[in-house]
Protein chains: 2
Amino acid sequence: MGRSNARPTLARVAELAGVSVSTASLAFSGAGPITAETRDKVLAAAGELGYSGPNPLGRQLRSGRSGIVGVVLGDQPGRAFRDPVAVKVLDGLVDVLGTEGLGVLLIPGVRAPAGPRSTDGEPAPAPAVDPLLETAAVDVAVLVWGVLTDDATLAALQRRDVPVVVGEGSRVEGAPLVALDDRSGTAQAVRHLKDLGHSRIAEITLPLDADERSGPVDAARLAQADRTSTRHRLAGVRDEVEPVISWETPASLVEHGRDAATEILGAWVPETERPTAIVAHSDLLAAGAVIAARELGLRVPEDVSVAGFDGIDLPWLSPDVLTSVHQPLQAKGAALGNAVLGVLAGDEPTCTTLPVELVPGTTTGPVPDVVRPADPQD
Amino acid sequence: MGRSNARPTLARVAELAGVSVSTASLAFSGAGPITAETRDKVLAAAGELGYSGPNPLGRQLRSGRSGIVGVVLGDQPGRAFRDPVAVKVLDGLVDVLGTEGLGVLLIPGVRAPAGPRSTDGEPAPAPAVDPLLETAAVDVAVLVWGVLTDDATLAALQRRDVPVVVGEGSRVEGAPLVALDDRSGTAQAVRHLKDLGHSRIAEITLPLDADERSGPVDAARLAQADRTSTRHRLAGVRDEVEPVISWETPASLVEHGRDAATEILGAWVPETERPTAIVAHSDLLAAGAVIAARELGLRVPEDVSVAGFDGIDLPWLSPDVLTSVHQPLQAKGAALGNAVLGVLAGDEPTCTTLPVELVPGTTTGPVPDVVRPADPQD
DNA sequence: CCCGCCGGTCAAATCGATTCGAGCGCGTCG
DNA sequence: CGACGCGCTCGAATCGATTTGACCGGCGGG
């Protein structure tokens, strides 16, 4: 009973077919020379035994590869999926890797400690890395959403000698990086607004670090910015203009963009001093800003212009089309996939920077006359 | 050079520590009795060699389990992620499995053939199943988005003897099922509308099958409905009312809901015959309907009421809050996770049906007076 | 006529760990 | 004083396949 119940192995198939295990293996893998007659004999035996093909585990041990690429999600797994940008990138990644027969394994990153930074006892010395990070059999890990300074996830991976590919972060020693021309992106957006005559420009930023703060960004806070892509987007804006106000959000979500824009547009005491344009670090934030403006009775773009970043589809913003800095999302996923392939092939790590392109929509327009300074500007 | 360059193995650590391989294994796994002194010796040797812990592949082969659960995505990997419902369920699933140390592997389902149902040559006898389906080392596969009759994905999995867990579909022999009380859900929504005085109710449906059609649903088409949950939602509506029109959509997306509602509301020649309420099979479709109504200059809910299904957050619909049949999304993911755990533990397959609950929002209201029949009703 | 090559098959080593049962000191109980 | 039991360690089998090199008969070229 013991073995009759268990799933048949290649050895038993070979036995029944009257050939050696090695020959049976050849019959399935197709590698190496084998007579059609022999193969048929093996296949017939397999059919009789209900053998469903070589066990992947055995193959993997032998080859030393699992064929699995780990994708490390941010601290909250759910949040990663709520972001259309992440989703599109993931999509492209799955696509490229899928054609190579590689699978994508979702790995939650470090789990945030239960209490929100409680100062009692130890300062969370063990950041509770997800068990999968420690044990999963992945050939490569992809850190799609960047690397923080002093990243516990990265540390765990490196301790395990798992090769890493980084997207959107700062360079990691020995790991390929797929970056975006963030700085040029926001700079282009602001230049576009300036070309339309705007000068009082407000900014809605991506999170500066993992603290999930929300509120105005001053010079001190600016210096603390930890996330590379946020830093670059901040810098790009400042290449062109000093924003009249810059508002930090806890995450790239519509509701946070709405809250930020409500603060920015609503709290301005003399209406003539209100910003005439908003540049947001993401489309989701920008969409929130458009909604907030509508709720405040402001017309877009007649009263206030809004520009975003990412170039995602926002069908529900209809009939408006967001002016946005488009990034090649699918291509970013593909680039990450190729970087993974490169690592697997043993190539030298390279650093790719993807281009961005401003695509004007209907949410930006000329600066309103009403608030244009009456005095003849030199 | 050969071995000095290669990653160290447990055997070499044991050798250096002067103990046997079995003892070294004990030092890492923690199973079985071992002296603290011996363990330290092994750990020290490991540190010296740069040994980064037991290779998962070896462990997996021995245990016969990979610790990986495959989640089969629909035909288009990207579409699965665009659906907030799917994302939340996936989120709950990852959460439950993650705490058990199980990983979630994304598997694209059958790849649709290149040409759209070209009738030349063979009728696509080889539906091009994704290579991962054939080769990935998964302990269980989850078909989150149901099973079609004659499902190639399911067939491939069964051929490989991979146990399966089904969500939202029809019962599969020997596999646990996590279902939803779809029928009661749409029935509740329609009853709510009837209680508000509506009688001319239109319906926007989920896809009836994989054909991605869009247009009115007649009795013949109704009979073709292939997807279990769609069938139940259709039935639930008809338990309460015969819709004045039922419009099929190719996918649960805002834009399709918008298109459908534009047809439904716009093409009605005598305005007094226009439906006063729309029940949609999903929140995304319902949101599209709200947008379409607004675009047509109709007020929601004064001129037309809209009810959805799912209960997802729609911050951008603000200030409206969709009336919707809420389903326990996170719980559904958790239920799927538990079903997976059950399969792994060898339990008998069970069938869970999750409850739904109508939560009224601001998008449904009393039937408008204008179009209410002038003659005194009974 | 003989050597060497070639297509096909097989035996055995290998991948890296887990685990069962045996062995071995040593303390304790009878 | 001898036997039993307990705690720790070790040897060896096992998981399931891949792959290298040997082997073997037959055929063509020198």
# chains A, B, ... in the order shown; residues from 1 in each chain; ligands from 1
>>> residues_around(residues="range 14-19 of chain C", least_positions_apart="6", cutoff="7 Å", atoms="only C-alpha atoms (C1' of nucleotides)", output="list in words")
Leu61 and Arg62 of chain A; Thr9, Asn55, Gly58, Arg59 and Arg62 of chain B
>>> select_by_dssp(residues="range 147-314 of chain B", states="strand (DSSP E or B)", output="VMD selection string")
chain B and resid 164 to 167 177 to 180 201 to 205 215 to 216 245 to 248 277 to 280 305 to 310
>>> interface_residues(of="chain C", to="chain A", cutoff="7 Å", atoms="only C-alpha atoms (C1' of nucleotides)", output="number ranges by chain")
C: 8-10, 15
>>> write_last_selection(atoms="C-alpha atoms (C1' of nucleotides)", output="PDB file, in the first residue's frame")
ATOM      1  C1'  DG C   8      21.638   5.189 -28.424  1.00  0.00           C
ATOM      2  C1'  DT C   9      21.466   3.433 -23.678  1.00  0.00           C
ATOM      3  C1'  DC C  10      22.817   2.858 -19.047  1.00  0.00           C
ATOM      4  C1'  DC C  15      22.283  18.422  -6.009  1.00  0.00           C
TER       5       DC C  15
END
>>> interface_residues(of="chain D", to="chain A", cutoff="10 Å", atoms="only C-alpha atoms (C1' of nucleotides)", output="PyMOL selection string")
chain D and resi 15-19
>>> write_last_selection(atoms="C-alpha atoms (C1' of nucleotides)", output="JSON list (two decimals), in the first residue's frame")
[["chain", "number", "residue", "atom", "x", "y", "z"],
["D", 15, "DC", "C1'", 13.55, 12.85, -1.43],
["D", 16, "DG", "C1'", 13.28, 12.87, -7.33],
["D", 17, "DA", "C1'", 15.38, 14.17, -10.88],
["D", 18, "DT", "C1'", 19.63, 15.53, -14.18],
["D", 19, "DT", "C1'", 23.93, 14.74, -16.26]]
>>> interface_residues(of="chain B", to="chain A", cutoff="6 Å", atoms="only C-alpha atoms", output="list in words")
Ser52, Pro56, Leu57, Leu61, Gly78, Asp91, Gly101, Val104, Leu105, Leu106, Pro131, Leu132, Ala137, Arg160, Glu255 and Pro315 of chain B
>>> select_by_dssp(residues="range 24-66 of chain B", states="alpha helix (DSSP H)", output="VMD selection string")
chain B and resid 24 to 29 36 to 49 56 to 63
>>> residues_around(residues="Val13 in chain B", least_positions_apart="4", cutoff="9 Å", atoms="only C-alpha atoms (C1' of nucleotides)", output="list in words")
Pro8, Thr9, Ala17, Gly18, Val19, Val21, Ala24, Val42, Leu43, Ala45, Ala46, Glu48, Leu49 and Tyr51 of chain B
>>> residues_around(residues="Arg231 in chain A", least_positions_apart="5", cutoff="8 Å", atoms="only C-alpha atoms (C1' of nucleotides)", output="list in words")
Leu208, Ala225 and Asp226 of chain A
>>> residues_around(residues="range 333-341 of chain A", least_positions_apart="3", cutoff="9 Å", atoms="only C-alpha atoms (C1' of nucleotides)", output="PyMOL selection string")
chain A and resi 69+88-97+100+140-142+144+164-167+176-178+328-330+344-347+349-350+352+354
>>> residues_around(residues="DG21 in chain C", least_positions_apart="6", cutoff="12 Å", atoms="only C-alpha atoms (C1' of nucleotides)", output="ChimeraX atom specification")
/D:10-13
>>> write_last_selection(atoms="N, CA and C atoms (P, O5', C5', C4', C3', O3' and C1' of nucleotides)", output="PDB file, in the first residue's frame")
ATOM      1  P    DC D  10      28.668  14.500  16.115  1.00  0.00           P
ATOM      2  O5'  DC D  10      28.393  13.121  15.384  1.00  0.00           O
ATOM      3  C5'  DC D  10      28.839  11.912  15.986  1.00  0.00           C
ATOM      4  C4'  DC D  10      28.333  10.718  15.201  1.00  0.00           C
ATOM      5  C3'  DC D  10      28.460  10.858  13.679  1.00  0.00           C
ATOM      6  O3'  DC D  10      29.079   9.696  13.167  1.00  0.00           O
ATOM      7  C1'  DC D  10      26.238  10.265  14.275  1.00  0.00           C
ATOM      8  P    DG D  11      29.814   9.770  11.757  1.00  0.00           P
ATOM      9  O5'  DG D  11      29.133   8.551  11.005  1.00  0.00           O
ATOM     10  C5'  DG D  11      28.765   7.395  11.762  1.00  0.00           C
ATOM     11  C4'  DG D  11      27.764   6.538  11.002  1.00  0.00           C
ATOM     12  C3'  DG D  11      27.938   6.534   9.486  1.00  0.00           C
ATOM     13  O3'  DG D  11      27.791   5.191   9.046  1.00  0.00           O
ATOM     14  C1'  DG D  11      25.730   7.276  10.042  1.00  0.00           C
ATOM     15  P    DA D  12      27.936   4.815   7.515  1.00  0.00           P
ATOM     16  O5'  DA D  12      26.406   4.800   7.077  1.00  0.00           O
ATOM     17  C5'  DA D  12      25.413   4.261   7.976  1.00  0.00           C
ATOM     18  C4'  DA D  12      24.057   4.315   7.304  1.00  0.00           C
ATOM     19  C3'  DA D  12      24.092   4.265   5.767  1.00  0.00           C
ATOM     20  O3'  DA D  12      22.982   3.514   5.328  1.00  0.00           O
ATOM     21  C1'  DA D  12      23.024   6.243   6.444  1.00  0.00           C
ATOM     22  P    DA D  13      22.801   3.152   3.786  1.00  0.00           P
ATOM     23  O5'  DA D  13      21.239   3.424   3.581  1.00  0.00           O
ATOM     24  C5'  DA D  13      20.340   3.168   4.675  1.00  0.00           C
ATOM     25  C4'  DA D  13      19.089   4.006   4.509  1.00  0.00           C
ATOM     26  C3'  DA D  13      18.548   4.054   3.071  1.00  0.00           C
ATOM     27  O3'  DA D  13      17.139   3.916   3.130  1.00  0.00           O
ATOM     28  C1'  DA D  13      18.923   6.254   3.847  1.00  0.00           C
TER      29       DA D  13
END
>>> residues_around(residues="Gly365 in chain B", least_positions_apart="6", cutoff="12 Å", atoms="only C-alpha atoms (C1' of nucleotides)", output="list of chain:residue names")
B:His192, B:Leu193, B:Lys194, B:Asp195, B:Leu196, B:Gly197, B:His198, B:Thr276, B:Ala277, B:Ile278, B:Arg299, B:Val300, B:Pro301, B:Glu302, B:Asp303, B:Val304, B:Ser305, B:Val306, B:Ala307, B:Leu322, B:Thr323
>>> atom_distance(atom1="CA of Ser282 in chain A", atom2="CA of Asp259 in chain A")
14.4 Å
>>> decode(residues="range 5-30 of chain C", atoms="N, CA and C atoms (P, O5', C5', C4', C3', O3' and C1' of nucleotides)", output="PDB file, in the first residue's frame")
ATOM      1  P    DC C   5      37.929   9.282 -33.818  1.00  0.00           P
ATOM      2  O5'  DC C   5      36.479   9.599 -34.386  1.00  0.00           O
ATOM      3  C5'  DC C   5      36.191   9.411 -35.784  1.00  0.00           C
ATOM      4  C4'  DC C   5      34.718   9.107 -35.957  1.00  0.00           C
ATOM      5  C3'  DC C   5      33.798   9.837 -34.959  1.00  0.00           C
ATOM      6  O3'  DC C   5      32.699  10.381 -35.665  1.00  0.00           O
ATOM      7  C1'  DC C   5      33.349   7.531 -34.900  1.00  0.00           C
ATOM      8  P    DC C   6      31.808  11.540 -35.002  1.00  0.00           P
ATOM      9  O5'  DC C   6      30.338  10.986 -35.159  1.00  0.00           O
ATOM     10  C5'  DC C   6      30.024   9.965 -36.145  1.00  0.00           C
ATOM     11  C4'  DC C   6      28.792   9.219 -35.677  1.00  0.00           C
ATOM     12  C3'  DC C   6      28.004   9.974 -34.596  1.00  0.00           C
ATOM     13  O3'  DC C   6      26.612   9.857 -34.843  1.00  0.00           O
ATOM     14  C1'  DC C   6      28.558   7.825 -33.827  1.00  0.00           C
ATOM     15  P    DG C   7      25.628  10.973 -34.252  1.00  0.00           P
ATOM     16  O5'  DG C   7      24.261  10.166 -34.104  1.00  0.00           O
ATOM     17  C5'  DG C   7      23.933   9.137 -35.048  1.00  0.00           C
ATOM     18  C4'  DG C   7      23.231   8.004 -34.321  1.00  0.00           C
ATOM     19  C3'  DG C   7      22.211   8.473 -33.287  1.00  0.00           C
ATOM     20  O3'  DG C   7      21.057   7.651 -33.349  1.00  0.00           O
ATOM     21  C1'  DG C   7      23.855   7.148 -32.221  1.00  0.00           C
ATOM     22  P    DG C   8      19.782   8.014 -32.480  1.00  0.00           P
ATOM     23  O5'  DG C   8      19.959   7.035 -31.248  1.00  0.00           O
ATOM     24  C5'  DG C   8      19.809   5.634 -31.453  1.00  0.00           C
ATOM     25  C4'  DG C   8      20.157   4.899 -30.179  1.00  0.00           C
ATOM     26  C3'  DG C   8      19.326   5.292 -28.952  1.00  0.00           C
ATOM     27  O3'  DG C   8      18.677   4.126 -28.472  1.00  0.00           O
ATOM     28  C1'  DG C   8      21.638   5.189 -28.424  1.00  0.00           C
ATOM     29  P    DT C   9      17.569   4.268 -27.290  1.00  0.00           P
ATOM     30  O5'  DT C   9      18.403   3.765 -26.033  1.00  0.00           O
ATOM     31  C5'  DT C   9      18.957   2.458 -26.046  1.00  0.00           C
ATOM     32  C4'  DT C   9      19.868   2.257 -24.852  1.00  0.00           C
ATOM     33  C3'  DT C   9      19.232   2.578 -23.507  1.00  0.00           C
ATOM     34  O3'  DT C   9      19.120   1.368 -22.770  1.00  0.00           O
ATOM     35  C1'  DT C   9      21.466   3.433 -23.678  1.00  0.00           C
ATOM     36  P    DC C  10      18.376   1.347 -21.351  1.00  0.00           P
ATOM     37  O5'  DC C  10      19.641   1.396 -20.384  1.00  0.00           O
ATOM     38  C5'  DC C  10      20.707   0.474 -20.584  1.00  0.00           C
ATOM     39  C4'  DC C  10      21.865   0.826 -19.675  1.00  0.00           C
ATOM     40  C3'  DC C  10      21.470   1.089 -18.221  1.00  0.00           C
ATOM     41  O3'  DC C  10      22.302   0.331 -17.373  1.00  0.00           O
ATOM     42  C1'  DC C  10      22.817   2.858 -19.047  1.00  0.00           C
ATOM     43  P    DA C  11      21.749  -0.170 -15.945  1.00  0.00           P
ATOM     44  O5'  DA C  11      23.038   0.112 -15.036  1.00  0.00           O
ATOM     45  C5'  DA C  11      24.339  -0.055 -15.603  1.00  0.00           C
ATOM     46  C4'  DA C  11      25.351   0.768 -14.836  1.00  0.00           C
ATOM     47  C3'  DA C  11      25.068   0.915 -13.339  1.00  0.00           C
ATOM     48  O3'  DA C  11      26.295   0.762 -12.644  1.00  0.00           O
ATOM     49  C1'  DA C  11      25.193   3.071 -14.347  1.00  0.00           C
ATOM     50  P    DA C  12      26.346   0.852 -11.080  1.00  0.00           P
ATOM     51  O5'  DA C  12      26.824   2.357 -10.850  1.00  0.00           O
ATOM     52  C5'  DA C  12      27.811   2.922 -11.730  1.00  0.00           C
ATOM     53  C4'  DA C  12      28.114   4.349 -11.315  1.00  0.00           C
ATOM     54  C3'  DA C  12      27.913   4.635  -9.826  1.00  0.00           C
ATOM     55  O3'  DA C  12      28.910   5.552  -9.417  1.00  0.00           O
ATOM     56  C1'  DA C  12      26.525   6.061 -11.049  1.00  0.00           C
ATOM     57  P    DA C  13      29.094   5.930  -7.879  1.00  0.00           P
ATOM     58  O5'  DA C  13      29.307   7.507  -7.976  1.00  0.00           O
ATOM     59  C5'  DA C  13      29.996   8.053  -9.095  1.00  0.00           C
ATOM     60  C4'  DA C  13      29.612   9.513  -9.276  1.00  0.00           C
ATOM     61  C3'  DA C  13      29.544  10.310  -7.966  1.00  0.00           C
ATOM     62  O3'  DA C  13      30.152  11.569  -8.176  1.00  0.00           O
ATOM     63  C1'  DA C  13      27.479  10.464  -9.092  1.00  0.00           C
ATOM     64  P    DT C  14      30.317  12.563  -6.963  1.00  0.00           P
ATOM     65  O5'  DT C  14      29.029  13.488  -7.145  1.00  0.00           O
ATOM     66  C5'  DT C  14      28.741  14.032  -8.425  1.00  0.00           C
ATOM     67  C4'  DT C  14      27.545  14.952  -8.322  1.00  0.00           C
ATOM     68  C3'  DT C  14      27.357  15.619  -6.950  1.00  0.00           C
ATOM     69  O3'  DT C  14      27.381  17.025  -7.138  1.00  0.00           O
ATOM     70  C1'  DT C  14      25.323  14.660  -7.715  1.00  0.00           C
ATOM     71  P    DC C  15      27.610  17.992  -5.871  1.00  0.00           P
ATOM     72  O5'  DC C  15      26.239  18.796  -5.815  1.00  0.00           O
ATOM     73  C5'  DC C  15      25.607  19.288  -6.989  1.00  0.00           C
ATOM     74  C4'  DC C  15      24.164  19.597  -6.680  1.00  0.00           C
ATOM     75  C3'  DC C  15      23.937  19.980  -5.217  1.00  0.00           C
ATOM     76  O3'  DC C  15      23.849  21.392  -5.112  1.00  0.00           O
ATOM     77  C1'  DC C  15      22.283  18.422  -6.009  1.00  0.00           C
ATOM     78  P    DG C  16      24.699  22.038  -3.880  1.00  0.00           P
ATOM     79  O5'  DG C  16      23.786  21.838  -2.597  1.00  0.00           O
ATOM     80  C5'  DG C  16      22.519  22.476  -2.540  1.00  0.00           C
ATOM     81  C4'  DG C  16      21.776  21.960  -1.338  1.00  0.00           C
ATOM     82  C3'  DG C  16      22.581  21.965  -0.045  1.00  0.00           C
ATOM     83  O3'  DG C  16      21.873  22.726   0.906  1.00  0.00           O
ATOM     84  C1'  DG C  16      21.490  19.894  -0.343  1.00  0.00           C
ATOM     85  P    DA C  17      22.439  22.937   2.358  1.00  0.00           P
ATOM     86  O5'  DA C  17      21.454  22.015   3.211  1.00  0.00           O
ATOM     87  C5'  DA C  17      20.123  22.435   3.337  1.00  0.00           C
ATOM     88  C4'  DA C  17      19.173  21.275   3.391  1.00  0.00           C
ATOM     89  C3'  DA C  17      18.921  20.733   4.789  1.00  0.00           C
ATOM     90  O3'  DA C  17      17.648  21.170   5.220  1.00  0.00           O
ATOM     91  C1'  DA C  17      19.118  18.988   3.146  1.00  0.00           C
ATOM     92  P    DT C  18      17.223  21.036   6.732  1.00  0.00           P
ATOM     93  O5'  DT C  18      16.523  19.611   6.765  1.00  0.00           O
ATOM     94  C5'  DT C  18      15.313  19.429   6.053  1.00  0.00           C
ATOM     95  C4'  DT C  18      14.824  18.012   6.219  1.00  0.00           C
ATOM     96  C3'  DT C  18      14.506  17.612   7.666  1.00  0.00           C
ATOM     97  O3'  DT C  18      13.293  16.868   7.622  1.00  0.00           O
ATOM     98  C1'  DT C  18      16.027  16.074   6.724  1.00  0.00           C
ATOM     99  P    DT C  19      12.411  16.666   8.937  1.00  0.00           P
ATOM    100  O5'  DT C  19      12.636  15.129   9.302  1.00  0.00           O
ATOM    101  C5'  DT C  19      12.571  14.161   8.254  1.00  0.00           C
ATOM    102  C4'  DT C  19      13.062  12.833   8.772  1.00  0.00           C
ATOM    103  C3'  DT C  19      12.925  12.628  10.284  1.00  0.00           C
ATOM    104  O3'  DT C  19      12.579  11.283  10.515  1.00  0.00           O
ATOM    105  C1'  DT C  19      15.141  12.278   9.666  1.00  0.00           C
ATOM    106  P    DC C  20      11.586  10.905  11.691  1.00  0.00           P
ATOM    107  O5'  DC C  20      11.639   9.313  11.635  1.00  0.00           O
ATOM    108  C5'  DC C  20      11.964   8.664  10.389  1.00  0.00           C
ATOM    109  C4'  DC C  20      12.946   7.528  10.633  1.00  0.00           C
ATOM    110  C3'  DC C  20      12.844   6.914  12.027  1.00  0.00           C
ATOM    111  O3'  DC C  20      12.891   5.506  11.931  1.00  0.00           O
ATOM    112  C1'  DC C  20      15.065   7.639  11.625  1.00  0.00           C
ATOM    113  P    DG C  21      12.384   4.634  13.175  1.00  0.00           P
ATOM    114  O5'  DG C  21      13.689   3.779  13.504  1.00  0.00           O
ATOM    115  C5'  DG C  21      14.498   3.292  12.443  1.00  0.00           C
ATOM    116  C4'  DG C  21      15.912   3.090  12.927  1.00  0.00           C
ATOM    117  C3'  DG C  21      16.020   2.441  14.318  1.00  0.00           C
ATOM    118  O3'  DG C  21      17.009   1.439  14.269  1.00  0.00           O
ATOM    119  C1'  DG C  21      17.248   4.459  14.270  1.00  0.00           C
ATOM    120  P    DA C  22      17.246   0.525  15.523  1.00  0.00           P
ATOM    121  O5'  DA C  22      18.816   0.672  15.682  1.00  0.00           O
ATOM    122  C5'  DA C  22      19.640   0.743  14.515  1.00  0.00           C
ATOM    123  C4'  DA C  22      20.979   1.339  14.899  1.00  0.00           C
ATOM    124  C3'  DA C  22      21.574   0.761  16.194  1.00  0.00           C
ATOM    125  O3'  DA C  22      22.951   0.536  16.014  1.00  0.00           O
ATOM    126  C1'  DA C  22      21.400   3.114  16.373  1.00  0.00           C
ATOM    127  P    DG C  23      23.812  -0.237  17.090  1.00  0.00           P
ATOM    128  O5'  DG C  23      24.680   0.917  17.738  1.00  0.00           O
ATOM    129  C5'  DG C  23      25.479   1.762  16.897  1.00  0.00           C
ATOM    130  C4'  DG C  23      26.117   2.843  17.754  1.00  0.00           C
ATOM    131  C3'  DG C  23      26.676   2.324  19.083  1.00  0.00           C
ATOM    132  O3'  DG C  23      27.924   2.957  19.315  1.00  0.00           O
ATOM    133  C1'  DG C  23      25.171   4.079  19.496  1.00  0.00           C
ATOM    134  P    DC C  24      28.980   2.276  20.306  1.00  0.00           P
ATOM    135  O5'  DC C  24      29.632   3.543  20.986  1.00  0.00           O
ATOM    136  C5'  DC C  24      29.253   4.869  20.576  1.00  0.00           C
ATOM    137  C4'  DC C  24      29.038   5.735  21.800  1.00  0.00           C
ATOM    138  C3'  DC C  24      29.508   5.111  23.120  1.00  0.00           C
ATOM    139  O3'  DC C  24      30.219   6.076  23.851  1.00  0.00           O
ATOM    140  C1'  DC C  24      27.321   5.862  23.343  1.00  0.00           C
ATOM    141  P    DG C  25      31.722   5.662  24.348  1.00  0.00           P
ATOM    142  O5'  DG C  25      32.020   6.794  25.423  1.00  0.00           O
ATOM    143  C5'  DG C  25      31.409   6.650  26.661  1.00  0.00           C
ATOM    144  C4'  DG C  25      30.708   7.932  27.070  1.00  0.00           C
ATOM    145  C3'  DG C  25      30.676   8.075  28.579  1.00  0.00           C
ATOM    146  O3'  DG C  25      30.940   9.407  28.950  1.00  0.00           O
ATOM    147  C1'  DG C  25      28.456   7.940  27.699  1.00  0.00           C
ATOM    148  P    DC C  26      31.584   9.679  30.387  1.00  0.00           P
ATOM    149  O5'  DC C  26      30.289   9.905  31.279  1.00  0.00           O
ATOM    150  C5'  DC C  26      29.298  10.847  30.857  1.00  0.00           C
ATOM    151  C4'  DC C  26      28.029  10.664  31.677  1.00  0.00           C
ATOM    152  C3'  DC C  26      28.275  10.292  33.146  1.00  0.00           C
ATOM    153  O3'  DC C  26      27.451  11.099  33.956  1.00  0.00           O
ATOM    154  C1'  DC C  26      26.750   8.792  32.177  1.00  0.00           C
ATOM    155  P    DG C  27      27.918  11.387  35.475  1.00  0.00           P
ATOM    156  O5'  DG C  27      26.495  11.496  36.200  1.00  0.00           O
ATOM    157  C5'  DG C  27      25.424  12.166  35.531  1.00  0.00           C
ATOM    158  C4'  DG C  27      24.099  11.512  35.879  1.00  0.00           C
ATOM    159  C3'  DG C  27      23.930  11.193  37.366  1.00  0.00           C
ATOM    160  O3'  DG C  27      22.620  11.548  37.773  1.00  0.00           O
ATOM    161  C1'  DG C  27      23.648   9.220  36.095  1.00  0.00           C
ATOM    162  P    DT C  28      22.272  11.535  39.353  1.00  0.00           P
ATOM    163  O5'  DT C  28      21.196  10.376  39.409  1.00  0.00           O
ATOM    164  C5'  DT C  28      20.224  10.274  38.354  1.00  0.00           C
ATOM    165  C4'  DT C  28      19.487   8.948  38.466  1.00  0.00           C
ATOM    166  C3'  DT C  28      19.174   8.525  39.903  1.00  0.00           C
ATOM    167  O3'  DT C  28      17.851   8.005  39.951  1.00  0.00           O
ATOM    168  C1'  DT C  28      20.334   6.789  38.796  1.00  0.00           C
ATOM    169  P    DC C  29      17.065   8.060  41.385  1.00  0.00           P
ATOM    170  O5'  DC C  29      16.181   6.734  41.284  1.00  0.00           O
ATOM    171  C5'  DC C  29      15.817   6.229  39.979  1.00  0.00           C
ATOM    172  C4'  DC C  29      15.917   4.711  39.985  1.00  0.00           C
ATOM    173  C3'  DC C  29      15.492   4.054  41.298  1.00  0.00           C
ATOM    174  O3'  DC C  29      14.585   3.004  41.029  1.00  0.00           O
ATOM    175  C1'  DC C  29      17.620   3.267  40.651  1.00  0.00           C
ATOM    176  P    DG C  30      13.740   2.407  42.228  1.00  0.00           P
ATOM    177  O5'  DG C  30      14.130   0.881  42.155  1.00  0.00           O
ATOM    178  C5'  DG C  30      14.218   0.229  40.865  1.00  0.00           C
ATOM    179  C4'  DG C  30      15.052  -1.028  40.993  1.00  0.00           C
ATOM    180  C3'  DG C  30      14.720  -1.880  42.219  1.00  0.00           C
ATOM    181  O3'  DG C  30      14.740  -3.251  41.881  1.00  0.00           O
ATOM    182  C1'  DG C  30      17.028  -1.356  42.222  1.00  0.00           C
TER     183       DG C  30
END
